[in-house]
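Please read the structure below before turning to the comments.
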Amino acid sequence: MDPHIIVMIEVIITAILSVEVYKLHCVSKDGAIASLIVGVLLAFFGNVGAFFIMTLFVIVSFFATMRDIDRKIEMGLQEGQFGERGWRNVAAVAFPPVLLTMIHHFTDMDETLYIIMFLTTVAVAGADTIASEIGVRDPKTYMITTLKPTSPGTNGGVSKLGTIASLIVSFVIAIVGWVVMTSGIDLLFLIPFAFGMFGNILDSLFGEWFENKGWISKFTNNWTTELIAGLLAGGTYLLFF
């Protein structure tokens with residue numbers, strides 16, 4: 001199929017998805033615009049595989065966000081007023097994978113290195129989102145640095161349910177992403193899987209060390225932990241493979 005037609009189809013899909021998630025109160029108006037911009041950038045500068053994985057992440061994360069939303073609202077743990085995410089949420093999560101995609105497009109960056117780093121950042125985003133949205137349903141939450149009981153939704157808090165859910169999501173993003181982006185399977189997919197979980201844990205640590213003290217925002221926490229995990233995953237590939 002003509003590459004221009006593929007790009008056009010991806011842009012149309014992004015526009016439809018952005019409008020629908022706005023109607024469902026998954027994102028605010030500016031969040032929908034930010035989602036549209038992210039999708040357009042991936043359509044123009046990425047490949048079909050990268051666009052598919054990012055779209056899959058968006059759909060899964062929005063379903064997780066809206067699950068038991070009434071209970072989350074009662075607990076005061078929802079995003080926005082009804083669970084909607086704003087442009088800062090979208091930008092913080094999308095910045096690392098979009099940045100890597102544009103670097104890959106404009107340079108001679110190794111293809112496998114790009115795939116590993118890209119999937120790692122998305123795996124971190126997916127694991128963190130699912131751990132947060134699903135984990136708040138687990139009343140047994142513990143502070144990651146002390147393992148002392150804490151309230152669900154606390155920065156740095158982890159739960160058994162959230163951790164298991166994040167493991168599954170990180171694995172699914174890594175293996176499905178690898179198959180889609182390489183048209184094959186290789187044990188190298190374990191790198192983005194492992195560092196996806198590492199980034200999720202790092203997000204919780206940063207939440208306790210820095211976010212709770214007001215030194216960084218949750219948005220800064222999101223994109224920095226994604227980038228750190230992506231860089232470490234890329235470094236692991238270059239050093240050992």
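Ordering of the structure tokens sets the chain letters (A, B, ...), residue numbers begin anew at 1 in every chain, and ligands are numbered from 1 in the order given.
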
Subject >> Contacts of A:Phe206 within 8 Å, only C-alpha atoms, excl. fewer than 5 positions in-chain, as a ChimeraX atom specification >> reply: /A:156,211,221

**OP:** Write out as a list in words each polymer residue whose atoms come within 9 Å of A:Val169, counting only C-alpha atoms; drop sequence neighbours fewer than 5 positions from it.
**Re:** Ala123, Gly126, Ala127, Ile130, Ile164 and Ala174 of chain A

Prev. selection, C-alpha atoms, output as a PDB file, in the first residue's frame:
ATOM      1  CA  ALA A 123       6.086  -0.566  28.601  1.00  0.00           C
ATOM      2  CA  GLY A 126       1.664   0.981  30.388  1.00  0.00           C
ATOM      3  CA  ALA A 127       2.922  -0.672  33.571  1.00  0.00           C
ATOM      4  CA  ILE A 130      -2.180  -0.044  34.959  1.00  0.00           C
ATOM      5  CA  ILE A 164       0.834  -8.261  39.023  1.00  0.00           C
ATOM      6  CA  ALA A 174       7.072  -5.988  24.973  1.00  0.00           C
TER       7      ALA A 174
END

Original post:
Got a sec: who's within 8 Å of stretch 94-102 of chain A, counting only C-alpha atoms, leaving out chain neighbours fewer than 2 positions off, as a list in words?
Top reply: Val38, Leu41, Leu42, Phe45, Gly46, Val90, Ala91, Ala92, His104, His105, Phe106, Tyr114, Met117, Phe118, Leu119, Thr121, Val122, Trp223, Glu226 and Leu227 of chain A

**OP:** Within stretch 77-167 of chain A, find each residue whose DSSP state, derived from the backbone, is strand (DSSP E or B), and express the selection as a list of chain:residue names.
**Re:** A:Arg85, A:Thr141, A:Tyr142, A:Met143, A:Pro149, A:Thr150, A:Gly157, A:Val158, A:Ser159

**OP:** Please provide the set of residues having any atom within 12 Å of A:Ala194, restricted to only C-alpha atoms, with same-chain residues fewer than 2 positions apart removed, written as number ranges by chain.
**Re:** A: 116-117, 119-121, 123-124, 127, 166-175, 187-192, 196-201, 229-230, 232-233, 236

**OP:** Using only C-alpha atoms, pick whichever of A:Gly207, A:Asn89, A:Trp178, A:Thr129 has the shortest atom-to-atom distance to A:Phe52.
**Re:**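 Of the candidates, the smallest distance to A:Phe52 is held by A:Trp178.
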
Stretch 149-152 of chain A: which residues within 9 Å, counting only C-alpha atoms, same-chain residues fewer than 4 positions away excluded, as a PDB file with C-alpha atoms, in the first residue's frame?
ATOM      1  CA  LEU A  77      -8.358   9.103  43.223  1.00  0.00           C
ATOM      2  CA  SER A 132      -2.040   2.988  39.373  1.00  0.00           C
ATOM      3  CA  GLY A 135      -3.802  -1.005  42.117  1.00  0.00           C
ATOM      4  CA  VAL A 136      -6.136   1.501  43.793  1.00  0.00           C
ATOM      5  CA  ARG A 137      -8.676  -1.323  44.054  1.00  0.00           C
ATOM      6  CA  ASP A 138      -6.336  -3.195  46.389  1.00  0.00           C
ATOM      7  CA  PRO A 139      -6.799  -2.002  49.989  1.00  0.00           C
ATOM      8  CA  LYS A 140      -3.450  -3.503  50.982  1.00  0.00           C
ATOM      9  CA  THR A 141      -0.997  -0.869  49.748  1.00  0.00           C
ATOM     10  CA  TYR A 142       2.551  -0.463  51.036  1.00  0.00           C
ATOM     11  CA  MET A 143       5.139   2.288  50.729  1.00  0.00           C
ATOM     12  CA  GLY A 157       2.592   3.131  47.249  1.00  0.00           C
ATOM     13  CA  VAL A 158       2.594  -0.346  45.719  1.00  0.00           C
ATOM     14  CA  SER A 159       0.153  -3.236  45.933  1.00  0.00           C
TER      15      SER A 159
END
